[in-house]
$ cat protein_34.txt   # compact mmCIF, C-alpha atoms and all ligand atoms
# COMPACT_ATOMS: atom_id res chain seq x y z
CA MET A 1 26.96 71.21 -104.07
CA HIS A 2 26.74 69.08 -107.17
CA PHE A 3 24.60 65.94 -106.86
CA HIS A 4 25.35 63.22 -109.42
CA ILE A 5 22.69 60.54 -109.63
CA ILE A 6 23.26 57.16 -111.23
CA SER A 7 19.84 55.64 -111.88
CA ILE A 8 18.00 53.71 -114.56
CA PHE A 9 14.93 55.89 -113.84
CA PRO A 10 16.20 59.49 -113.92
CA LYS A 11 12.74 60.85 -114.83
CA LEU A 12 11.51 59.95 -111.34
CA PHE A 13 13.32 63.03 -110.01
CA ASP A 14 11.72 65.56 -112.37
CA SER A 15 8.66 66.72 -110.47
CA TYR A 16 10.32 67.11 -107.09
CA LEU A 17 13.25 69.07 -108.49
CA SER A 18 11.17 71.39 -110.62
CA ASP A 19 9.36 73.18 -107.82
CA SER A 20 9.81 75.00 -104.53
CA ILE A 21 13.08 75.39 -102.64
CA LEU A 22 15.15 72.89 -104.60
CA LYS A 23 14.12 74.56 -107.85
CA ARG A 24 15.06 78.00 -106.52
CA ALA A 25 18.36 76.71 -105.19
CA GLN A 26 19.24 75.25 -108.60
CA ASP A 27 18.27 78.45 -110.41
CA ALA A 28 20.44 80.45 -108.03
CA GLY A 29 23.36 78.06 -108.61
CA HIS A 30 23.64 76.85 -105.01
CA ILE A 31 23.03 73.24 -105.99
CA GLN A 32 23.16 71.29 -109.22
CA PHE A 33 21.83 67.87 -110.28
CA SER A 34 23.16 65.62 -113.04
CA PHE A 35 21.81 62.23 -114.07
CA TYR A 36 23.54 59.19 -115.52
CA ASP A 37 21.61 56.18 -116.81
CA PRO A 38 23.45 52.82 -116.77
CA ARG A 39 21.42 51.80 -119.84
CA SER A 40 23.24 54.47 -121.85
CA VAL A 41 26.57 52.67 -121.46
CA THR A 42 25.59 49.00 -121.64
CA GLN A 43 27.55 46.94 -124.15
CA ASN A 44 24.88 44.33 -124.92
CA LYS A 45 22.28 44.91 -127.61
CA HIS A 46 19.22 44.63 -125.35
CA LYS A 47 20.55 47.34 -123.04
CA LYS A 48 20.41 44.92 -120.17
CA VAL A 49 21.61 46.31 -116.84
CA ASP A 50 20.78 43.33 -114.64
CA ASP A 51 21.43 39.62 -114.53
CA ILE A 52 20.65 36.58 -112.40
CA PRO A 53 22.43 36.25 -109.03
CA TYR A 54 25.41 33.95 -108.59
CA GLY A 55 24.54 31.26 -106.05
CA GLY A 56 20.91 31.30 -107.16
CA GLY A 57 17.89 32.91 -105.55
CA PRO A 58 15.02 35.06 -106.70
CA GLY A 59 15.22 38.36 -108.56
CA MET A 60 17.90 40.09 -110.55
CA VAL A 61 21.07 41.94 -109.62
CA MET A 62 22.32 45.16 -111.21
CA MET A 63 25.53 44.56 -113.12
CA ALA A 64 28.68 46.34 -111.96
CA GLU A 65 30.28 47.44 -115.24
CA PRO A 66 27.80 50.08 -116.51
CA ILE A 67 27.71 51.71 -113.07
CA ILE A 68 31.49 51.74 -112.75
CA THR A 69 31.86 53.20 -116.26
CA LEU A 70 29.57 56.09 -115.27
CA TRP A 71 31.25 56.60 -111.92
CA GLU A 72 34.64 56.91 -113.64
CA GLU A 73 33.18 59.36 -116.14
CA ILE A 74 31.75 61.54 -113.37
CA THR A 75 34.89 61.63 -111.29
CA LYS A 76 37.13 62.36 -114.30
CA LYS A 77 34.87 64.67 -116.28
CA THR A 78 33.79 66.98 -113.50
CA LEU A 79 37.39 67.51 -112.53
CA LYS A 80 38.01 69.04 -115.93
CA GLU A 81 34.83 71.12 -115.97
CA LYS A 82 34.91 74.79 -115.20
CA ILE A 83 34.53 74.78 -111.47
CA PRO A 84 32.06 77.20 -109.89
CA PHE A 85 33.64 76.55 -106.48
CA THR A 86 36.77 78.23 -105.21
CA LYS A 87 37.78 75.18 -103.25
CA LYS A 88 39.12 71.90 -104.57
CA ARG A 89 36.56 69.28 -105.49
CA HIS A 90 35.83 66.57 -103.00
CA PHE A 91 33.78 63.57 -104.09
CA LYS A 92 31.72 61.33 -101.86
CA THR A 93 30.09 58.21 -103.26
CA ILE A 94 26.97 56.87 -101.60
CA LEU A 95 25.34 53.59 -102.53
CA LEU A 96 21.74 53.42 -101.35
CA SER A 97 21.13 50.19 -99.51
CA PRO A 98 18.54 49.17 -96.89
CA GLY A 99 21.37 47.51 -94.96
CA GLY A 100 23.62 50.59 -94.86
CA ASN A 101 24.38 53.21 -92.19
CA THR A 102 21.23 55.09 -91.25
CA PHE A 103 20.97 58.61 -92.66
CA ARG A 104 20.53 61.37 -90.08
CA THR A 105 20.68 65.17 -89.96
CA ASP A 106 24.24 65.13 -88.61
CA MET A 107 25.30 63.09 -91.67
CA ALA A 108 23.58 65.66 -93.90
CA LYS A 109 25.46 68.47 -92.15
CA SER A 110 28.88 66.90 -92.47
CA LEU A 111 28.30 65.87 -96.10
CA ALA A 112 27.29 69.46 -96.94
CA GLN A 113 30.38 70.77 -95.19
CA ASP A 114 33.02 68.33 -96.39
CA TYR A 115 32.15 67.66 -100.05
CA THR A 116 31.57 69.56 -103.27
CA ASP A 117 30.18 66.56 -105.17
CA ILE A 118 28.04 63.65 -104.03
CA ILE A 119 27.48 60.65 -106.26
CA PHE A 120 24.38 58.58 -105.46
CA ILE A 121 24.16 55.07 -106.84
CA CYS A 122 20.54 53.94 -106.92
CA GLY A 123 19.76 50.25 -106.88
CA ARG A 124 16.75 48.47 -108.34
CA TYR A 125 15.64 44.82 -108.34
CA GLU A 126 17.45 42.85 -105.60
CA GLY A 127 20.30 45.35 -105.42
CA ILE A 128 23.72 46.03 -106.93
CA ASP A 129 26.71 43.73 -107.54
CA ALA A 130 28.85 44.14 -104.39
CA ARG A 131 31.96 44.95 -106.45
CA VAL A 132 30.55 48.41 -107.21
CA ALA A 133 30.95 49.42 -103.56
CA GLU A 134 34.36 47.78 -103.40
CA ILE A 135 35.72 49.59 -106.47
CA THR A 136 34.16 53.00 -105.87
CA GLY A 137 34.75 53.02 -102.11
CA ALA A 138 31.09 53.97 -101.67
CA GLU A 139 29.51 54.27 -98.26
CA LEU A 140 26.34 52.19 -97.97
CA VAL A 141 23.51 54.33 -96.62
CA SER A 142 19.92 53.51 -95.69
CA ILE A 143 17.21 56.11 -95.14
CA GLY A 144 15.34 53.90 -92.69
CA ASN A 145 14.24 50.46 -91.63
CA TYR A 146 12.02 49.60 -94.54
CA VAL A 147 12.63 48.33 -98.05
CA LEU A 148 11.82 50.48 -101.08
CA THR A 149 11.54 49.32 -104.68
CA GLY A 150 14.55 51.43 -105.63
CA GLY A 151 17.19 53.86 -104.40
CA GLU A 152 15.73 56.90 -106.18
CA LEU A 153 13.47 58.06 -103.35
CA ALA A 154 16.30 57.53 -100.89
CA ALA A 155 18.65 59.65 -103.03
CA MET A 156 15.97 62.34 -103.26
CA VAL A 157 15.38 62.34 -99.51
CA MET A 158 19.10 62.64 -98.83
CA SER A 159 19.64 65.37 -101.46
CA ASP A 160 16.77 67.39 -100.03
CA SER A 161 18.11 67.19 -96.51
CA ILE A 162 21.74 67.85 -97.55
CA ALA A 163 20.68 70.76 -99.80
CA ARG A 164 19.04 72.61 -96.91
CA GLN A 165 22.39 72.49 -95.12
CA CYS A 166 24.17 74.14 -98.07
CA ASN A 167 24.87 77.87 -97.97
CA GLY A 168 22.20 80.02 -99.58
CA VAL A 169 19.60 77.27 -100.06
CA LEU A 170 17.38 78.31 -97.19
CA GLY A 171 16.58 82.01 -96.94
CA LYS A 172 18.27 83.96 -94.14
CA ARG A 173 15.12 83.87 -92.06
CA GLU A 174 14.67 80.12 -92.45
CA SER A 175 18.32 79.45 -91.59
CA LEU A 176 17.98 81.56 -88.48
CA GLU A 177 14.86 79.65 -87.53
CA GLU A 178 16.91 76.48 -87.69
CA GLU A 179 19.36 77.85 -85.10
CA ARG A 180 16.60 78.97 -82.75
CA ILE A 181 14.97 76.81 -80.16
CA SER A 182 12.38 75.14 -82.32
CA SER A 183 9.36 73.12 -81.49
CA HIS A 184 7.64 70.41 -83.49
CA GLU A 185 4.31 71.77 -82.33
CA MET A 186 3.44 75.01 -84.09
CA TYR A 187 0.43 77.19 -84.78
CA THR A 188 -0.74 79.89 -87.15
CA ARG A 189 -4.01 81.72 -87.68
CA PRO A 190 -6.84 81.42 -86.70
CA GLU A 191 -6.31 81.71 -82.95
CA HIS A 192 -9.51 79.70 -82.32
CA LEU A 193 -10.28 76.91 -84.75
CA LYS A 194 -13.83 75.55 -84.74
CA HIS A 195 -14.32 71.96 -85.81
CA ARG A 196 -17.48 69.88 -85.27
CA GLY A 197 -18.75 71.92 -82.36
CA ARG A 198 -15.42 72.12 -80.57
CA VAL A 199 -12.99 75.01 -80.32
CA TYR A 200 -9.28 74.33 -80.66
CA SER A 201 -7.22 77.26 -79.35
CA VAL A 202 -3.59 78.24 -79.69
CA PRO A 203 -1.69 77.75 -76.37
CA GLU A 204 -1.85 81.01 -74.38
CA VAL A 205 1.90 81.18 -73.86
CA LEU A 206 2.48 81.70 -77.60
CA LEU A 207 0.28 84.81 -77.48
CA SER A 208 1.94 86.20 -74.36
CA GLY A 209 4.80 88.02 -76.05
CA ASN A 210 7.08 86.71 -73.27
CA HIS A 211 9.97 85.25 -75.28
CA LYS A 212 11.67 83.61 -72.34
CA LYS A 213 8.47 81.72 -71.51
CA ILE A 214 7.88 80.91 -75.20
CA ASP A 215 11.38 79.41 -75.53
CA GLU A 216 10.84 77.34 -72.38
CA TRP A 217 7.54 76.04 -73.77
CA ARG A 218 9.15 75.22 -77.13
CA GLU A 219 11.84 73.15 -75.49
CA THR A 220 9.23 70.78 -74.15
CA HIS A 221 6.76 70.68 -77.04
N1 LIG A 301 17.12 42.56 -101.64
C1 LIG A 301 17.57 43.80 -101.14
C2 LIG A 301 16.50 44.87 -101.32
C3 LIG A 301 16.65 45.58 -102.59
S1 LIG A 301 15.60 46.94 -102.71
C4 LIG A 301 17.89 43.66 -99.67
O1 LIG A 301 17.19 42.97 -98.96
O2 LIG A 301 18.87 44.30 -99.24
C5 LIG A 301 16.17 47.68 -104.19
C6 LIG A 301 17.01 48.90 -104.05
O3 LIG A 301 16.27 49.91 -103.39
C7 LIG A 301 18.28 48.75 -103.23
O4 LIG A 301 19.35 48.31 -104.04
C8 LIG A 301 18.52 50.18 -102.73
O5 LIG A 301 19.24 50.95 -103.66
C9 LIG A 301 17.11 50.73 -102.63
N2 LIG A 301 16.58 50.78 -101.26
C10 LIG A 301 15.55 50.04 -100.77
N3 LIG A 301 15.29 50.35 -99.49
C11 LIG A 301 16.16 51.33 -99.14
C12 LIG A 301 16.37 52.06 -97.94
N4 LIG A 301 15.65 51.86 -96.84
N5 LIG A 301 17.35 52.99 -97.94
C13 LIG A 301 18.10 53.21 -99.05
N6 LIG A 301 17.93 52.54 -100.21
C14 LIG A 301 16.97 51.61 -100.27
$ encode --input "protein_34.txt" --output "structure tokens"
Amino acid sequence: MHFHIISIFPKLFDSYLSDSILKRAQDAGHIQFSFYDPRSVTQNKHKKVDDIPYGGGPGMVMMAEPIITLWEEITKKTLKEKIPFTKKRHFKTILLSPGGNTFRTDMAKSLAQDYTDIIFICGRYEGIDARVAEITGAELVSIGNYVLTGGELAAMVMSDSIARQCNGVLGKRESLEEERISSHEMYTRPEHLKHRGRVYSVPEVLLSGNHKKIDEWRETH
């Protein structure tokens, strides 16, 4: 999976992508990230990427043209690149928006299955000129019912969740775990944890070795 991120703050992604599973997955070639900064293609001398909203109102709106220029570059350029995939490239464009369709694991699964390239368009300020979505055919997606200062965290959250659905990203053991009956309540050593005079113990059933009983317990915890 190749993630293409259009953002005026590409550095925000550095720390998260340079450690742990997403780092390993990039090194192994399972996933790839590329960044595109609208400021790099602005025509005006102050590198402005936003302007005041038509119809008035507070705040600024991100201008359509720099974003569309980058989107065209991505969709044309990557088609010509040497392709590490055997299958044909399939692009999906997602515009992060608090008013969009809510992101869920099933969306992550189908995106990982159906596409080779995902383009994320990250908004800032009051949002993005609506003609970007119209021209690119982007799906508007929200990561939840709250408003962030920008789309970068939302793009990162989605990439993380989509990446773990891509082949090879999770180790065999972790992928198998995913298919098993899993519980949100889990324990590791020590068996008895002492804290302020009280003892907190691991539920007996997990120590029983009875896998049928353990699975039953996990379904309800
Ligand atoms: N005035 C806008 C809010 C803009 S927030 C409104 O009410 O719709 C600025 C940018 O942050 C948005 O363009 C979007 O890209 C991103 N963003 C904020 N909250 C988000 C969320 N919950 N999910 C996805 N993107 C979000």
$ residues_near_point --input "protein_34.txt" --point "(18.4, 43.0, -106.6)" --cutoff "10 Å" --atoms "all atoms listed in the file" --output "ChimeraX atom specification"
/A:50-53,58-63,123-129,149-150
$ write_last_selection --input "protein_34.txt" --atoms "C-alpha atoms" --output "PDB file, in the frame of the given file"
ATOM      1  CA  ASP A  50      20.780  43.330-114.640  1.00  0.00           C
ATOM      2  CA  ASP A  51      21.430  39.620-114.530  1.00  0.00           C
ATOM      3  CA  ILE A  52      20.650  36.580-112.400  1.00  0.00           C
ATOM      4  CA  PRO A  53      22.430  36.250-109.030  1.00  0.00           C
ATOM      5  CA  PRO A  58      15.020  35.060-106.700  1.00  0.00           C
ATOM      6  CA  GLY A  59      15.220  38.360-108.560  1.00  0.00           C
ATOM      7  CA  MET A  60      17.900  40.090-110.550  1.00  0.00           C
ATOM      8  CA  VAL A  61      21.070  41.940-109.620  1.00  0.00           C
ATOM      9  CA  MET A  62      22.320  45.160-111.210  1.00  0.00           C
ATOM     10  CA  MET A  63      25.530  44.560-113.120  1.00  0.00           C
ATOM     11  CA  GLY A 123      19.760  50.250-106.880  1.00  0.00           C
ATOM     12  CA  ARG A 124      16.750  48.470-108.340  1.00  0.00           C
ATOM     13  CA  TYR A 125      15.640  44.820-108.340  1.00  0.00           C
ATOM     14  CA  GLU A 126      17.450  42.850-105.600  1.00  0.00           C
ATOM     15  CA  GLY A 127      20.300  45.350-105.420  1.00  0.00           C
ATOM     16  CA  ILE A 128      23.720  46.030-106.930  1.00  0.00           C
ATOM     17  CA  ASP A 129      26.710  43.730-107.540  1.00  0.00           C
ATOM     18  CA  THR A 149      11.540  49.320-104.680  1.00  0.00           C
ATOM     19  CA  GLY A 150      14.550  51.430-105.630  1.00  0.00           C
TER      20      GLY A 150
END
$ closest_atom_pairs --input "protein_34.txt" --of "chain A" --to "ligand LIG 301 (chain A)" --cutoff "12 Å" --atoms "all atoms listed in the file" --output "CSV"
residue,atom,partner,partner_atom,distance
A:Ile5,CA,A:LIG301,O5,11.8
A:Ile6,CA,A:LIG301,O5,10.6
A:Ser7,CA,A:LIG301,O5,9.5
A:Ile8,CA,A:LIG301,O5,11.3
A:Asp50,CA,A:LIG301,O4,11.8
A:Pro53,CA,A:LIG301,N1,11.1
A:Gly57,CA,A:LIG301,N1,10.4
A:Pro58,CA,A:LIG301,N1,9.3
A:Gly59,CA,A:LIG301,N1,8.3
A:Met60,CA,A:LIG301,N1,9.3
A:Val61,CA,A:LIG301,O4,8.6
A:Met62,CA,A:LIG301,O4,8.4
A:Met63,CA,A:LIG301,O4,11.6
A:Ile94,CA,A:LIG301,C13,9.9
A:Leu95,CA,A:LIG301,O5,6.7
A:Leu96,CA,A:LIG301,N6,4.1
A:Ser97,CA,A:LIG301,N6,4.0
A:Pro98,CA,A:LIG301,C12,3.8
A:Gly99,CA,A:LIG301,O2,5.9
A:Gly100,CA,A:LIG301,N5,7.4
A:Asn101,CA,A:LIG301,N5,9.1
A:Thr102,CA,A:LIG301,N5,8.0
A:Phe103,CA,A:LIG301,N5,8.5
A:Arg104,CA,A:LIG301,N5,11.9
A:Phe120,CA,A:LIG301,O5,9.4
A:Ile121,CA,A:LIG301,O5,7.2
A:Cys122,CA,A:LIG301,O5,4.6
A:Gly123,CA,A:LIG301,O5,3.3
A:Arg124,CA,A:LIG301,C5,4.3
A:Tyr125,CA,A:LIG301,C5,5.1
A:Glu126,CA,A:LIG301,N1,4.0
A:Gly127,CA,A:LIG301,O4,3.4
A:Ile128,CA,A:LIG301,O4,5.7
A:Asp129,CA,A:LIG301,O4,9.3
A:Ala130,CA,A:LIG301,O4,10.4
A:Val132,CA,A:LIG301,O4,11.6
A:Ala133,CA,A:LIG301,O4,11.7
A:Glu139,CA,A:LIG301,C13,11.5
A:Leu140,CA,A:LIG301,C13,8.4
A:Val141,CA,A:LIG301,C13,6.0
A:Ser142,CA,A:LIG301,N5,3.5
A:Ile143,CA,A:LIG301,N5,4.2
A:Gly144,CA,A:LIG301,N4,4.6
A:Asn145,CA,A:LIG301,N4,5.6
A:Tyr146,CA,A:LIG301,N4,4.9
A:Val147,CA,A:LIG301,N3,3.6
A:Leu148,CA,A:LIG301,C10,3.8
A:Thr149,CA,A:LIG301,C5,4.9
A:Gly150,CA,A:LIG301,O3,3.2
A:Gly151,CA,A:LIG301,C9,3.6
A:Glu152,CA,A:LIG301,C9,7.3
A:Leu153,CA,A:LIG301,N6,7.8
A:Ala154,CA,A:LIG301,C13,5.0
A:Ala155,CA,A:LIG301,C13,7.6
A:Met156,CA,A:LIG301,C13,10.3
A:Val157,CA,A:LIG301,C13,9.5
A:Met158,CA,A:LIG301,C13,9.5
$ residues_around --input "protein_34.txt" --residues "Lys47 in chain A" --least-positions-apart "6" --cutoff "12 Å" --atoms "only C-alpha atoms" --output "list in words"
Ile8, Asp37, Pro38, Arg39, Ser40, Val41, Met63 and Pro66 of chain A
$ residues_around --input "protein_34.txt" --residues "Val202 in chain A" --least-positions-apart "5" --cutoff "9 Å" --atoms "all atoms listed in the file" --output "PyMOL selection string"
chain A and resi 186-193+207
$ atom_distance --input "protein_34.txt" --atom1 "CA of Tyr115 in chain A" --atom2 "CA of Phe9 in chain A"
25.0 Å
$ closest_residue --input "protein_34.txt" --among "A:Gly168, A:Glu73, A:Met107, A:Trp217" --to "Gly29 in chain A" --atoms "all atoms listed in the file"
A:Gly168
$ atom_distance --input "protein_34.txt" --atom1 "CA of Ser161 in chain A" --atom2 "CA of Asp215 in chain A"
25.2 Å
$ closest_residue --input "protein_34.txt" --among "A:Leu170, A:His4, A:Thr69, A:Ile119" --to "Ser20 in chain A" --atoms "all atoms listed in the file"
A:Leu170
$ atom_distance --input "protein_34.txt" --atom1 "CA of His30 in chain A" --atom2 "CA of Lys76 in chain A"
21.9 Å
$ residues_around --input "protein_34.txt" --residues "Glu204 in chain A" --least-positions-apart "4" --cutoff "10 Å" --atoms "all atoms listed in the file" --output "short mmCIF file (atom, residue, chain, number, x, y, z; two decimals) with C-alpha atoms, keeping the file's coordinate frame"
data_model
loop_
_atom_site.label_atom_id
_atom_site.label_comp_id
_atom_site.auth_asym_id
_atom_site.auth_seq_id
_atom_site.Cartn_x
_atom_site.Cartn_y
_atom_site.Cartn_z
CA GLU A 191 -6.31 81.71 -82.95
CA SER A 208 1.94 86.20 -74.36
CA GLY A 209 4.80 88.02 -76.05
CA ILE A 214 7.88 80.91 -75.20
#
$ residues_around --input "protein_34.txt" --residues "Ser110 in chain A" --least-positions-apart "2" --cutoff "12 Å" --atoms "all atoms listed in the file" --output "PyMOL selection string"
chain A and resi 92+103-108+112-116+161-163+165-166
$ axis_aligned_box --input "protein_34.txt" --around "range 14-21 of chain A" --padding-each-side "3 Å" --output "lines of an AutoDock Vina configuration file"
center_x = 11.0
center_y = 70.5
center_z = -107.5
size_x = 10.6
size_y = 15.8
size_z = 15.7
$ closest_residue --input "protein_34.txt" --among "A:Glu185, A:Glu72, A:Asp160, A:Asp117" --to "Glu219 in chain A" --atoms "all atoms listed in the file"
A:Glu185
$ closest_residue --input "protein_34.txt" --among "A:His90, A:Lys48, A:Arg218, A:Arg164" --to "Arg24 in chain A" --atoms "all atoms listed in the file"
A:Arg164
$ closest_residue --input "protein_34.txt" --among "A:Phe35, A:Phe13, A:Phe91, A:Tyr200" --to "Thr75 in chain A" --atoms "all atoms listed in the file"
A:Phe91
